[in-house]
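Step one of this worksheet: look at the structure below.
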Amino acid sequence: MTSATLTAARPAILGGTPSVTLDQTEANRWPIITDDDEQAVLGVLRSGQLSISDETTALEDDHKKWLGVKHCVAHNNGTGAIHAALHAFDIGPGDEVIVPSATWWASVMPVLHCGGIPVFAETEAECIGLDPADVQRKITPRTKAMVVVHLFGMPSKMNELLAIARKHGLKVLEDASHAHGATYHGQPVGTLADAAVFSMQANKLVPSAEGGVFLTNDDQLWEKVIRFGHYERLLGLNTPSKRFAATGFGFKYRMSPLSAAVARSQLRKLAERNQRRNENCIYLSEKLEKLGIQTFLSPPGVQRVYFEFLVRADESRLGVPVKDLAKALQAEGAMVGAPRYPLLHQQPMFTDASQPGGPAWAKLARISGTPERPLPIYDPAALPRTAAGNASLLKLPSFPRGERRLLDQYATAFEKVLSHAAELPRSGA
Ligand SMILES: Cc1ncc(COP(=O)(O)O)c(C=O)c1O
């Protein structure tokens, strides 16, 4: 072996040459904005309809057609749509809503703003969604609903979760914000439960200039969502809700027509762009699986998508702690890192009881304790399986426009680094 070959075979962190040398800017650029997005926005801008516009109803129609759902209501963001959905589920003071801890806070915080109590359940290891067995254990007579998050684009175990919900009369909201275009046993996500929400914040698979949609087949849920945040539509309802037309229920969750224009234009490209991203992530996943990395490929009957590409790098299998692996891969030029979301049940909102009047979560839920019965705080050590699983996750780019050559360089970086696992520098606990 020549000395150049030897250096190439050595991890960069141990003095070798880096494996990932191609420019990654274009491979990972998102959102992808083209002339037709610009023309769509200009069209709405020039129409002068910047508040209420046919563009927004057209976006709703696009979703109804795409997903075969009866009702769609565009919102200014996904958070507002989740708030509206939970209001429509009649979540009120003391109602418990089962939620994952491994998600973005918007899946959970609106529960508190309805007066409800989030009850965190474990995340299962296969699809990184709510663990049906733990959901079952967490049900009490006060449980009213669950929020299911298709995390990073992987559909949760809906058959099992829906069976539990049916048995206990619970409403189910799909937070499908990460999963535009995923399917579950032939059915699109967003159509599997009582209602669904997609965020269209700019990182999402259907990006816009902030936006979200609420979807349901249920006339009553739809009406309540309209009442909650869309006062301008109340006059158009031929139902008793019309009497609230002068006030609505106090929120304004209408989507900007400029955002709707971006979202419509981006939705048209979803299938093609998902296909490229999926092919790239699956190509690299198959190589990484051979190295002992769990990549969350779609289980049978499921077609996942990749809002984010997270893999599990288990120290006991690979012989190196994930953070040291990440450092070695970064030295190779790979854009890897820890997952973005902290576990919610460990955050001060839920764990800090030091404030006068009780923990912050209880104030938002408008619940107070008494000296005899102080309010519980959430236990950061609860959900040990979720915490352990989360600690070994590694985030990769999702390569929306990556070329095979770049993916091969990533595969080489992993292979090289893992074949020197024992020698990689350790940073300690
Ligand atoms: C899982 C999840 N749910 C809900 C939201 C909230 O959406 P928005 O940012 O559009 O309010 C986000 C992200 O932004 C999310 O990641």
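Letters A, B, ... mark the chains of the structure tokens in the order given; residue numbers begin at 1 per chain; ligand numbers begin at 1, in order shown.
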
When the cut-off is 8 Å and you count only C-alpha atoms and all ligand atoms, which residues lie near ligand 1, shown as a ChimeraX atom specification? /A:76-82,103-107,149-152,175-178,197-201,203-204,210-212

Could you turn the residues from that selection into a file that holds C-alpha atoms, as a PDB file, in the first residue's frame?
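What follows is the written file again.pdb:
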```pdb
ATOM      1  CA  ASN A  76     -51.160  30.950   9.226  1.00  0.00           C
ATOM      2  CA  ASN A  77     -48.993  28.146  10.603  1.00  0.00           C
ATOM      3  CA  GLY A  78     -49.114  24.567  11.820  1.00  0.00           C
ATOM      4  CA  THR A  79     -49.124  25.611  15.481  1.00  0.00           C
ATOM      5  CA  GLY A  80     -52.367  27.546  15.010  1.00  0.00           C
ATOM      6  CA  ALA A  81     -53.909  24.638  13.112  1.00  0.00           C
ATOM      7  CA  ILE A  82     -53.053  22.268  16.001  1.00  0.00           C
ATOM      8  CA  THR A 103     -41.407  16.111  18.825  1.00  0.00           C
ATOM      9  CA  TRP A 104     -41.428  19.820  18.193  1.00  0.00           C
ATOM     10  CA  TRP A 105     -43.189  21.739  20.964  1.00  0.00           C
ATOM     11  CA  ALA A 106     -46.070  22.772  18.688  1.00  0.00           C
ATOM     12  CA  SER A 107     -47.473  19.225  18.852  1.00  0.00           C
ATOM     13  CA  VAL A 149     -46.641  12.729  15.223  1.00  0.00           C
ATOM     14  CA  HIS A 150     -45.188  11.067  12.131  1.00  0.00           C
ATOM     15  CA  LEU A 151     -41.718  12.059  13.254  1.00  0.00           C
ATOM     16  CA  PHE A 152     -39.187  12.994  10.565  1.00  0.00           C
ATOM     17  CA  ASP A 175     -49.576  15.899  13.327  1.00  0.00           C
ATOM     18  CA  ALA A 176     -48.370  15.134   9.821  1.00  0.00           C
ATOM     19  CA  SER A 177     -46.127  18.197   9.625  1.00  0.00           C
ATOM     20  CA  HIS A 178     -43.080  16.079   8.745  1.00  0.00           C
ATOM     21  CA  VAL A 197     -52.503  19.045  10.490  1.00  0.00           C
ATOM     22  CA  PHE A 198     -49.613  19.734   8.131  1.00  0.00           C
ATOM     23  CA  SER A 199     -47.188  22.580   8.805  1.00  0.00           C
ATOM     24  CA  MET A 200     -45.838  24.364   5.756  1.00  0.00           C
ATOM     25  CA  GLN A 201     -43.069  26.255   7.535  1.00  0.00           C
ATOM     26  CA  ASN A 203     -38.151  23.646   6.071  1.00  0.00           C
ATOM     27  CA  LYS A 204     -41.070  21.309   5.491  1.00  0.00           C
ATOM     28  CA  GLU A 210     -45.217  30.109   6.971  1.00  0.00           C
ATOM     29  CA  GLY A 211     -48.463  28.209   6.784  1.00  0.00           C
ATOM     30  CA  GLY A 212     -50.389  25.141   7.831  1.00  0.00           C
TER      31      GLY A 212
END
```

Long-range neighbours of range 255-261 of chain A as a ChimeraX atom specification, 8 Å cut-off, only C-alpha atoms, 2 positions minimum in chain: /A:37,40-41,44-45,49-53,55-56,59,74-77,208-212,253,263-265

I need the strand (DSSP E or B) residues of range 232-357 of chain A per DSSP on the backbone, written as a PyMOL selection string. chain A and resi 294+302-303+309-312+337

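In this comparison, which uses only C-alpha atoms, the residue of A:Leu267, A:Leu192, A:Leu42, A:Ala360 approaching Leu375 in chain A most closely is A:Ala360.
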
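Using only C-alpha atoms, the smallest distance between any of A:Pro348, A:Gly16, A:Gly94, A:Pro188 and His63 in chain A comes from A:Pro188.
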